[in-house]
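Chemist: Okay, so here is run13.cif, and as you'll see once you scroll down, it has mmCIF, C-alpha atoms, pLDDT in the B column; chains and numbers go by the auth columns.
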```
data_target
loop_
_atom_site.group_PDB
_atom_site.id
_atom_site.type_symbol
_atom_site.label_atom_id
_atom_site.label_comp_id
_atom_site.label_asym_id
_atom_site.label_seq_id
_atom_site.Cartn_x
_atom_site.Cartn_y
_atom_site.Cartn_z
_atom_site.B_iso_or_equiv
_atom_site.auth_seq_id
_atom_site.auth_asym_id
ATOM 1 C CA ALA A 1 -11.834 -10.199 -12.467 75.00 1 V
ATOM 2 C CA ASP A 2 -10.036 -10.135 -9.142 91.00 2 V
ATOM 3 C CA GLY A 3 -6.626 -8.526 -8.872 92.00 3 V
ATOM 4 C CA ILE A 4 -3.558 -10.751 -8.752 90.00 4 V
ATOM 5 C CA LEU A 5 -2.755 -9.941 -5.121 92.00 5 V
ATOM 6 C CA GLY A 6 -6.411 -10.321 -4.246 94.00 6 V
ATOM 7 C CA ARG A 7 -6.190 -13.906 -5.501 95.00 7 V
ATOM 8 C CA VAL A 8 -2.928 -14.470 -3.626 93.00 8 V
ATOM 9 C CA PHE A 9 -4.401 -13.348 -0.314 93.00 9 V
ATOM 10 C CA SER A 10 -7.566 -15.360 -0.917 94.00 10 V
ATOM 11 C CA ALA A 11 -5.370 -18.438 -1.267 93.00 11 V
ATOM 12 C CA LEU A 12 -3.534 -17.566 1.960 92.00 12 V
ATOM 13 C CA GLU A 13 -6.848 -17.419 3.818 91.00 13 V
ATOM 14 C CA LYS A 14 -7.848 -20.848 2.502 92.00 14 V
ATOM 15 C CA ARG A 15 -4.766 -22.519 3.984 90.00 15 V
ATOM 16 C CA ASP A 16 -5.187 -24.675 7.056 91.00 16 V
ATOM 17 C CA PRO A 17 -4.305 -22.933 9.242 92.00 17 V
ATOM 18 C CA ALA A 18 -4.938 -19.666 7.440 90.00 18 V
ATOM 19 C CA PHE A 19 -2.407 -16.837 7.518 92.00 19 V
ATOM 20 C CA ALA A 20 -3.507 -13.639 9.246 92.00 20 V
ATOM 21 C CA SER A 21 -3.001 -10.937 6.641 93.00 21 V
ATOM 22 C CA LYS A 22 -3.723 -7.353 5.635 93.00 22 V
ATOM 23 C CA THR A 23 -3.295 -5.392 2.415 94.00 23 V
ATOM 24 C CA TYR A 24 -2.254 -1.762 2.153 95.00 24 V
ATOM 25 C CA SER A 25 -1.940 0.773 -0.653 95.00 25 V
ATOM 26 C CA VAL A 26 -0.008 4.013 -0.264 95.00 26 V
ATOM 27 C CA ALA A 27 -0.964 4.935 -3.823 93.00 27 V
ATOM 28 C CA GLY A 28 -4.763 5.158 -3.731 92.00 28 V
ATOM 29 C CA SER A 29 -7.319 2.379 -4.138 90.00 29 V
ATOM 30 C CA GLN A 30 -5.861 -0.285 -6.418 90.00 30 V
ATOM 31 C CA LYS A 31 -7.469 -3.095 -8.425 91.00 31 V
ATOM 32 C CA VAL A 32 -4.533 -5.400 -7.709 91.00 32 V
ATOM 33 C CA PHE A 33 -6.007 -6.099 -4.230 93.00 33 V
ATOM 34 C CA GLU A 34 -9.605 -6.643 -5.389 93.00 34 V
ATOM 35 C CA GLY A 35 -10.903 -10.033 -4.298 92.00 35 V
ATOM 36 C CA ALA A 36 -8.804 -10.171 -1.124 92.00 36 V
ATOM 37 C CA PRO A 37 -10.706 -11.430 1.957 89.00 37 V
ATOM 38 C CA ALA A 38 -10.477 -8.018 3.661 85.00 38 V
ATOM 39 C CA ASN A 39 -10.655 -4.573 2.125 83.00 39 V
ATOM 40 C CA GLN A 40 -7.368 -2.853 1.455 89.00 40 V
ATOM 41 C CA TYR A 41 -6.261 -0.029 3.714 91.00 41 V
ATOM 42 C CA VAL A 42 -5.613 3.127 1.684 92.00 42 V
ATOM 43 C CA ILE A 43 -2.973 5.329 3.301 94.00 43 V
ATOM 44 C CA ASP A 44 -1.566 8.748 2.497 94.00 44 V
ATOM 45 C CA ALA A 45 2.230 8.632 2.279 92.00 45 V
ATOM 46 C CA TYR A 46 2.601 11.840 4.280 92.00 46 V
ATOM 47 C CA ASP A 47 -0.490 11.954 6.510 91.00 47 V
ATOM 48 C CA GLY A 48 -0.918 8.219 7.139 92.00 48 V
ATOM 49 C CA PHE A 49 -4.477 7.111 7.847 90.00 49 V
ATOM 50 C CA VAL A 50 -6.786 10.034 7.139 84.00 50 V
ATOM 51 C CA VAL A 51 -9.775 10.057 9.477 79.00 51 V
ATOM 52 C CA TYR A 52 -13.273 11.156 8.533 75.00 52 V
ATOM 53 C CA ASN A 53 -13.163 14.961 8.384 70.00 53 V
ATOM 54 C CA ASP A 54 -16.572 15.557 9.972 71.00 54 V
ATOM 55 C CA ARG A 55 -16.190 12.931 12.698 67.00 55 V
ATOM 56 C CA ALA A 56 -16.088 15.533 15.486 69.00 56 V
ATOM 57 C CA HIS A 57 -19.024 17.520 14.091 73.00 57 V
ATOM 58 C CA LEU A 58 -21.200 14.513 13.231 71.00 58 V
ATOM 59 C CA GLY A 59 -20.038 12.169 15.989 66.00 59 V
ATOM 60 C CA ASP A 60 -23.381 11.948 17.788 70.00 60 V
ATOM 61 C CA HIS A 61 -25.268 11.348 14.546 70.00 61 V
ATOM 62 C CA ILE A 62 -22.843 8.620 13.499 69.00 62 V
ATOM 63 C CA LEU A 63 -23.111 6.992 16.905 66.00 63 V
ATOM 64 C CA ASN A 64 -26.896 6.992 16.594 70.00 64 V
ATOM 65 C CA LEU A 65 -26.644 5.516 13.101 66.00 65 V
ATOM 66 C CA THR A 66 -24.425 2.657 14.196 64.00 66 V
ATOM 67 C CA GLU A 67 -26.066 1.848 17.538 67.00 67 V
ATOM 68 C CA VAL A 68 -29.715 1.549 16.551 63.00 68 V
ATOM 69 C CA SER A 69 -30.698 -1.935 15.398 69.00 69 V
ATOM 70 C CA SER A 70 -32.739 -2.249 12.229 69.00 70 V
ATOM 71 C CA THR A 71 -35.083 -4.917 10.909 77.00 71 V
ATOM 72 C CA SER A 72 -33.566 -4.427 7.467 81.00 72 V
ATOM 73 C CA ILE A 73 -30.523 -6.606 6.789 82.00 73 V
ATOM 74 C CA PHE A 74 -29.259 -3.978 4.348 83.00 74 V
ATOM 75 C CA ALA A 75 -29.498 -1.140 6.852 77.00 75 V
ATOM 76 C CA GLU A 76 -27.919 -3.275 9.562 76.00 76 V
ATOM 77 C CA THR A 77 -25.042 -4.320 7.288 81.00 77 V
ATOM 78 C CA TYR A 78 -24.456 -0.705 6.249 76.00 78 V
ATOM 79 C CA SER A 79 -24.452 0.379 9.889 76.00 79 V
ATOM 80 C CA GLU A 80 -22.013 -2.334 10.944 78.00 80 V
ATOM 81 C CA LEU A 81 -19.621 -1.619 8.059 79.00 81 V
ATOM 82 C CA THR A 82 -19.701 2.111 8.744 77.00 82 V
ATOM 83 C CA ASP A 83 -18.937 1.610 12.417 77.00 83 V
ATOM 84 C CA GLU A 84 -16.185 -0.918 11.696 80.00 84 V
ATOM 85 C CA ALA A 85 -14.546 1.303 9.071 80.00 85 V
ATOM 86 C CA LEU A 86 -14.492 4.346 11.359 81.00 86 V
ATOM 87 C CA ARG A 87 -13.169 2.426 14.358 83.00 87 V
ATOM 88 C CA GLN A 88 -10.496 0.555 12.408 84.00 88 V
ATOM 89 C CA ASN A 89 -9.324 3.694 10.626 84.00 89 V
ATOM 90 C CA GLU A 90 -8.975 5.652 13.861 86.00 90 V
ATOM 91 C CA ALA A 91 -7.191 2.775 15.596 90.00 91 V
ATOM 92 C CA MET A 92 -4.780 2.300 12.676 92.00 92 V
ATOM 93 C CA LYS A 93 -4.106 6.038 12.518 92.00 93 V
ATOM 94 C CA ALA A 94 -3.138 6.106 16.189 92.00 94 V
ATOM 95 C CA LEU A 95 -0.743 3.181 15.695 94.00 95 V
ATOM 96 C CA LEU A 96 0.888 4.529 12.549 95.00 96 V
ATOM 97 C CA ASP A 97 1.220 8.065 13.915 94.00 97 V
ATOM 98 C CA ASP A 98 3.241 6.689 16.846 95.00 98 V
ATOM 99 C CA ALA A 99 5.255 4.198 14.779 95.00 99 V
ATOM 100 C CA LYS A 100 8.978 4.708 14.266 96.00 100 V
ATOM 101 C CA THR A 101 11.421 3.162 11.842 97.00 101 V
ATOM 102 C CA ALA A 102 14.353 1.154 13.167 97.00 102 V
ATOM 103 C CA THR A 103 16.890 3.480 11.506 97.00 103 V
ATOM 104 C CA ASP A 104 17.219 7.071 10.319 96.00 104 V
ATOM 105 C CA ALA A 105 17.887 5.923 6.750 95.00 105 V
ATOM 106 C CA PHE A 106 14.829 7.659 5.319 96.00 106 V
ATOM 107 C CA ASP A 107 16.142 11.016 6.545 95.00 107 V
ATOM 108 C CA ASP A 108 18.626 10.895 3.656 92.00 108 V
ATOM 109 C CA VAL A 109 16.026 10.694 0.877 95.00 109 V
ATOM 110 C CA SER A 110 13.079 12.793 -0.217 94.00 110 V
ATOM 111 C CA GLY A 111 10.119 12.571 -2.563 94.00 111 V
ATOM 112 C CA SER A 112 6.763 10.859 -2.658 95.00 112 V
ATOM 113 C CA PHE A 113 8.070 7.376 -3.450 96.00 113 V
ATOM 114 C CA ALA A 114 10.497 7.413 -0.525 97.00 114 V
ATOM 115 C CA ALA A 115 7.671 8.628 1.736 97.00 115 V
ATOM 116 C CA GLN A 116 5.510 5.726 0.549 97.00 116 V
ATOM 117 C CA LEU A 117 8.230 3.197 1.332 97.00 117 V
ATOM 118 C CA GLU A 118 8.857 4.729 4.759 97.00 118 V
ATOM 119 C CA CYS A 119 5.163 4.247 5.499 96.00 119 V
ATOM 120 C CA VAL A 120 5.460 0.616 4.356 97.00 120 V
ATOM 121 C CA ALA A 121 8.486 0.102 6.612 97.00 121 V
ATOM 122 C CA LYS A 122 6.556 1.406 9.629 97.00 122 V
ATOM 123 C CA LEU A 123 3.634 -0.904 8.903 96.00 123 V
ATOM 124 C CA ILE A 124 5.976 -3.874 8.604 97.00 124 V
ATOM 125 C CA ARG A 125 7.428 -2.996 11.990 97.00 125 V
ATOM 126 C CA LEU A 126 3.889 -2.932 13.420 96.00 126 V
ATOM 127 C CA ARG A 127 3.118 -6.480 12.264 94.00 127 V
ATOM 128 C CA GLY A 128 3.455 -7.910 15.773 94.00 128 V
ATOM 129 C CA THR A 129 1.039 -5.377 17.217 95.00 129 V
ATOM 130 C CA LEU A 130 -1.376 -5.932 14.341 93.00 130 V
ATOM 131 C CA GLY A 131 -1.085 -9.704 14.619 94.00 131 V
ATOM 132 C CA THR A 132 -0.410 -10.311 10.933 93.00 132 V
ATOM 133 C CA GLU A 133 1.741 -12.994 9.318 94.00 133 V
ATOM 134 C CA ARG A 134 1.539 -12.072 5.627 94.00 134 V
ATOM 135 C CA ASP A 135 0.963 -8.522 4.378 96.00 135 V
ATOM 136 C CA GLY A 136 0.807 -6.946 0.947 96.00 136 V
ATOM 137 C CA PHE A 137 1.800 -3.368 0.134 97.00 137 V
ATOM 138 C CA LEU A 138 1.529 -1.309 -3.022 96.00 138 V
ATOM 139 C CA ALA A 139 3.542 1.846 -3.749 97.00 139 V
ATOM 140 C CA GLU A 140 3.712 3.733 -7.013 95.00 140 V
ATOM 141 C CA LEU A 141 6.200 5.959 -8.846 93.00 141 V
ATOM 142 C CA GLY A 142 4.676 7.677 -11.878 89.00 142 V
ATOM 143 C CA GLY A 143 5.963 10.007 -14.572 86.00 143 V
ATOM 144 C CA TRP A 144 7.669 7.488 -16.852 81.00 144 V
ATOM 145 C CA ASP A 145 5.618 8.342 -19.965 77.00 145 V
ATOM 146 C CA THR A 146 8.272 10.697 -21.333 75.00 146 V
ATOM 147 C CA HIS A 147 8.845 9.400 -24.900 69.00 147 V
ATOM 148 C CA ARG A 148 12.103 11.283 -25.466 71.00 148 V
ATOM 149 C CA ASN A 149 13.018 13.158 -22.287 73.00 149 V
ATOM 150 C CA LEU A 150 15.714 10.874 -20.932 74.00 150 V
ATOM 151 C CA ASP A 151 16.747 13.420 -18.286 81.00 151 V
ATOM 152 C CA THR A 152 13.370 12.864 -16.629 84.00 152 V
ATOM 153 C CA VAL A 153 13.839 9.095 -16.792 82.00 153 V
ATOM 154 C CA SER A 154 17.298 9.242 -15.215 86.00 154 V
ATOM 155 C CA GLY A 155 15.879 11.321 -12.352 90.00 155 V
ATOM 156 C CA LEU A 156 13.087 8.802 -11.811 90.00 156 V
ATOM 157 C CA VAL A 157 15.544 5.907 -11.822 90.00 157 V
ATOM 158 C CA LYS A 158 17.615 7.682 -9.171 94.00 158 V
ATOM 159 C CA SER A 159 14.507 8.304 -7.033 95.00 159 V
ATOM 160 C CA LEU A 160 13.602 4.632 -7.355 95.00 160 V
ATOM 161 C CA ASP A 161 17.107 3.437 -6.553 96.00 161 V
ATOM 162 C CA ASP A 162 17.625 5.768 -3.587 97.00 162 V
ATOM 163 C CA ALA A 163 14.269 4.882 -2.000 97.00 163 V
ATOM 164 C CA LEU A 164 14.784 1.131 -2.439 97.00 164 V
ATOM 165 C CA GLU A 165 18.301 1.347 -1.006 97.00 165 V
ATOM 166 C CA VAL A 166 17.134 2.933 2.239 97.00 166 V
ATOM 167 C CA LEU A 167 14.165 0.551 2.442 98.00 167 V
ATOM 168 C CA VAL A 168 16.552 -2.404 2.282 97.00 168 V
ATOM 169 C CA THR A 169 18.736 -0.795 4.967 97.00 169 V
ATOM 170 C CA GLU A 170 15.676 -0.338 7.183 98.00 170 V
ATOM 171 C CA LEU A 171 14.344 -3.871 6.658 97.00 171 V
ATOM 172 C CA GLU A 172 17.775 -5.362 7.372 97.00 172 V
ATOM 173 C CA ALA A 173 17.817 -3.427 10.657 98.00 173 V
ATOM 174 C CA GLN A 174 14.364 -4.785 11.462 97.00 174 V
ATOM 175 C CA GLY A 175 15.639 -8.300 10.764 97.00 175 V
ATOM 176 C CA VAL A 176 12.967 -9.010 8.162 97.00 176 V
ATOM 177 C CA TRP A 177 14.749 -8.476 4.840 97.00 177 V
ATOM 178 C CA GLY A 178 14.906 -12.233 4.341 96.00 178 V
ATOM 179 C CA ASP A 179 11.104 -12.404 4.702 96.00 179 V
ATOM 180 C CA VAL A 180 10.302 -9.670 2.176 96.00 180 V
ATOM 181 C CA ALA A 181 9.861 -9.879 -1.597 95.00 181 V
ATOM 182 C CA ILE A 182 9.671 -6.684 -3.649 96.00 182 V
ATOM 183 C CA VAL A 183 8.124 -6.939 -7.109 93.00 183 V
ATOM 184 C CA ALA A 184 8.541 -3.901 -9.378 91.00 184 V
ATOM 185 C CA LEU A 185 6.305 -3.773 -12.458 85.00 185 V
ATOM 186 C CA SER A 186 5.916 -1.422 -15.397 80.00 186 V
ATOM 187 C CA ASP A 187 2.654 -1.337 -17.330 69.00 187 V
ATOM 188 C CA PHE A 188 4.104 -0.807 -20.810 68.00 188 V
ATOM 189 C CA GLY A 189 7.239 -1.209 -22.873 71.00 189 V
ATOM 190 C CA ARG A 190 8.751 0.934 -25.609 75.00 190 V
ATOM 191 C CA THR A 191 9.251 0.539 -29.374 78.00 191 V
ATOM 192 C CA LEU A 192 12.658 0.732 -31.013 78.00 192 V
ATOM 193 C CA THR A 193 11.272 2.969 -33.765 82.00 193 V
ATOM 194 C CA SER A 194 10.156 6.571 -33.397 81.00 194 V
ATOM 195 C CA ASN A 195 6.627 7.897 -33.690 80.00 195 V
ATOM 196 C CA GLY A 196 7.985 11.352 -34.531 82.00 196 V
ATOM 197 C CA GLN A 197 8.158 12.374 -30.876 76.00 197 V
ATOM 198 C CA GLY A 198 10.497 9.726 -29.593 76.00 198 V
ATOM 199 C CA THR A 199 9.767 6.088 -28.804 76.00 199 V
ATOM 200 C CA ASP A 200 6.150 4.964 -28.739 77.00 200 V
ATOM 201 C CA HIS A 201 4.105 2.748 -26.412 76.00 201 V
ATOM 202 C CA ALA A 202 4.551 -0.983 -26.917 75.00 202 V
ATOM 203 C CA TRP A 203 3.422 -4.292 -25.504 71.00 203 V
ATOM 204 C CA GLY A 204 5.206 -5.979 -22.671 67.00 204 V
ATOM 205 C CA GLY A 205 6.698 -4.251 -19.717 71.00 205 V
ATOM 206 C CA ASN A 206 9.628 -4.774 -17.432 73.00 206 V
ATOM 207 C CA MET A 207 9.951 -6.052 -13.933 84.00 207 V
ATOM 208 C CA PHE A 208 12.456 -7.033 -11.307 90.00 208 V
ATOM 209 C CA LEU A 209 12.405 -8.893 -8.006 93.00 209 V
ATOM 210 C CA LEU A 210 14.299 -8.081 -4.825 94.00 210 V
ATOM 211 C CA GLY A 211 14.433 -9.923 -1.537 95.00 211 V
ATOM 212 C CA GLY A 212 16.872 -11.037 1.093 94.00 212 V
ATOM 213 C CA ASP A 213 16.085 -14.699 0.496 93.00 213 V
ATOM 214 C CA LEU A 214 15.729 -14.562 -3.290 89.00 214 V
ATOM 215 C CA LYS A 215 18.373 -16.328 -5.361 83.00 215 V
ATOM 216 C CA GLY A 216 19.011 -15.188 -8.910 64.00 216 V
#
```
The structure given in the file should be rewritten as structure tokens.
Modeler:
Amino acid sequence: ADGILGRVFSALEKRDPAFASKTYSVAGSQKVFEGAPANQYVIDAYDGFVVYNDRAHLGDHILNLTEVSSTSIFAETYSELTDEALRQNEAMKALLDDAKTATDAFDDVSGSFAAQLECVAKLIRLRGTLGTERDGFLAELGGWDTHRNLDTVSGLVKSLDDALEVLVTELEAQGVWGDVAIVALSDFGRTLTSNGQGTDHAWGGNMFLLGGDLKG
């Protein structure tokens, strides 16, 4: 089955007129975007778009692969997709490497989750250059499966809160906070009874919504 955001972006493309959109994950390839009209961009929170390591060494061979026409539709499709992926990745890397946030808010926080959200903020600021009207982003904060170590949980909550606070500050400075909706999801709940090592896994999760134009 397609991912939920994949279905959302498919619906956006079917509008008349369709919304120009892109999807990005700063937490590895994610099923949530499967089924979207265009493949998701997978970005490293610290290094941005990672280019093909052997591009310099194999450049001539790749060029030959993508320039020669083939009578096979499969070979031609593979060649076109390879060329498109390499060109798009290198172009996006150049844009993101030069991108700046509107504020210095992210200088006050650290950690992987904050780095992911800073990357998201830069991509949002690039929306005019990229020509997009609706974008989807996925970031991830793991480590919640602690059962009984509440000190770990409190540290994770602080990391989450600090990163979201500076993201909101940044998006307000960009003037887009009213156009952004943040959906935070957890993939499991907790029991009230112990399994001998603290609380156990349970059905249901938790979620919250944030956005400058959300009421509730």
Chemist: Kindly extract all protein, DNA and RNA residues lying within 10 Å of the coordinates (-3.2, 5.5, -2.4) given in the file, considering all atoms listed in the file, and supply them as a list in words.
Modeler: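 Returned residue set, sorted by chain then number, is Tyr24, Ser25, Val26, Ala27, Gly28, Ser29, Gln30, Tyr41, Val42, Ile43, Asp44, Ala45, Gln116, Leu138, Ala139 and Glu140 of chain V.
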Chemist: Nearest to Ala115 (chain V) among V:Thr77, V:Ser72, V:Gly48, V:Ala102, with distances taken over only C-alpha atoms: which residue is it?
Modeler: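 The closest residue to Ala115 (chain V) is V:Gly48.
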Chemist: Report the distance between CA of Val153 (chain V) and CA of Gly205 (chain V) in Å, rounded to one decimal place.
Modeler: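 Distance reported for this atom pair: 15.4 Å.
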Chemist: Nearest to Ala184 (chain V): which of V:Asp2, V:Asp161, V:Asp47, V:Asp54 is it, counting all atoms listed in the file?
Modeler: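 Using all atoms listed in the file, Ala184 (chain V) sits closest to V:Asp161.
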Chemist: Quick one: of V:Leu156, V:Leu86, V:Leu81, V:Glu170, who's nearest to Asn53 (chain V), counting all atoms listed in the file?
Modeler: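 Of V:Leu156, V:Leu86, V:Leu81, V:Glu170, the one nearest Asn53 (chain V), counting all atoms listed in the file, is V:Leu86.
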Chemist: As a short mmCIF file (atom, residue, chain, number, x, y, z; two decimals) with C-alpha atoms, in the coordinates of the input, please: the residues near Ser110 (chain V) (cut-off 10 Å, all atoms listed in the file, same-chain neighbours under 5 positions excluded).
Modeler:
```cif
data_model
loop_
_atom_site.label_atom_id
_atom_site.label_comp_id
_atom_site.auth_asym_id
_atom_site.auth_seq_id
_atom_site.Cartn_x
_atom_site.Cartn_y
_atom_site.Cartn_z
CA ALA V 115 7.67 8.63 1.74
CA SER V 159 14.51 8.30 -7.03
CA ASP V 162 17.62 5.77 -3.59
CA ALA V 163 14.27 4.88 -2.00
#
```
Chemist: Quick check on the file I pasted: which residues fall under the PyMOL selection byres ((chain V and resi 90) around 12)? Write them as a list in words.
Modeler: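 What the PyMOL selection byres ((chain V and resi 90) around 12) grabs from the file is Tyr41, Gly48, Phe49, Val50, Val51, Tyr52, Asn53, Arg55, Asp83, Glu84, Ala85, Leu86, Arg87, Gln88, Asn89, Ala91, Met92, Lys93, Ala94, Leu95, Leu96 and Asp97 of chain V.
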Chemist: Out of V:Thr152, V:Thr132, V:Thr169, V:Ser112, which residue has the shortest atom-to-atom distance to Gly212 (chain V) when counting only C-alpha atoms?
Modeler: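 When distances to Gly212 (chain V) are compared using only C-alpha atoms, the smallest one comes from V:Thr169.
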Chemist: When you count all atoms listed in the file, which of these residues is closest to Ala173 (chain V): V:Ser186, V:Thr101, V:Ser154, V:Thr23?
Modeler: V:Thr101
Chemist: Give me the residues within 9 Å of Gly35 (chain V) as a PyMOL selection string, counting all atoms listed in the file and dropping any in the same chain fewer than 2 places off.
Modeler: chain V and resi 1-7+9-10+31-33+37-39
Chemist: For region 178-182 of chain V, find every residue with an atom within 12 Å (counting all atoms listed in the file), except residues of its own chain fewer than 5 positions away, and show them as a ChimeraX atom specification.
Modeler: /V:117,120-121,124,133-139,164,167-168,170-173,207-215
Chemist: Do you have the CA of Leu123 (chain V)-CA of Lys100 (chain V) distance handy?
Modeler: 9.4 Å
Chemist: Which value, in Å to one decimal, gives the distance between CA of Asn64 (chain V) and CA of Glu76 (chain V)?
Modeler: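 Computing it gives 12.5 Å between the two atoms.
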Chemist: Closest to Val166 (chain V) among V:Asp108, V:Asp200, V:Asp151, V:Asp145, using all atoms listed in the file?
Modeler: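 That would be V:Asp108, the residue with the smallest distance to Val166 (chain V).
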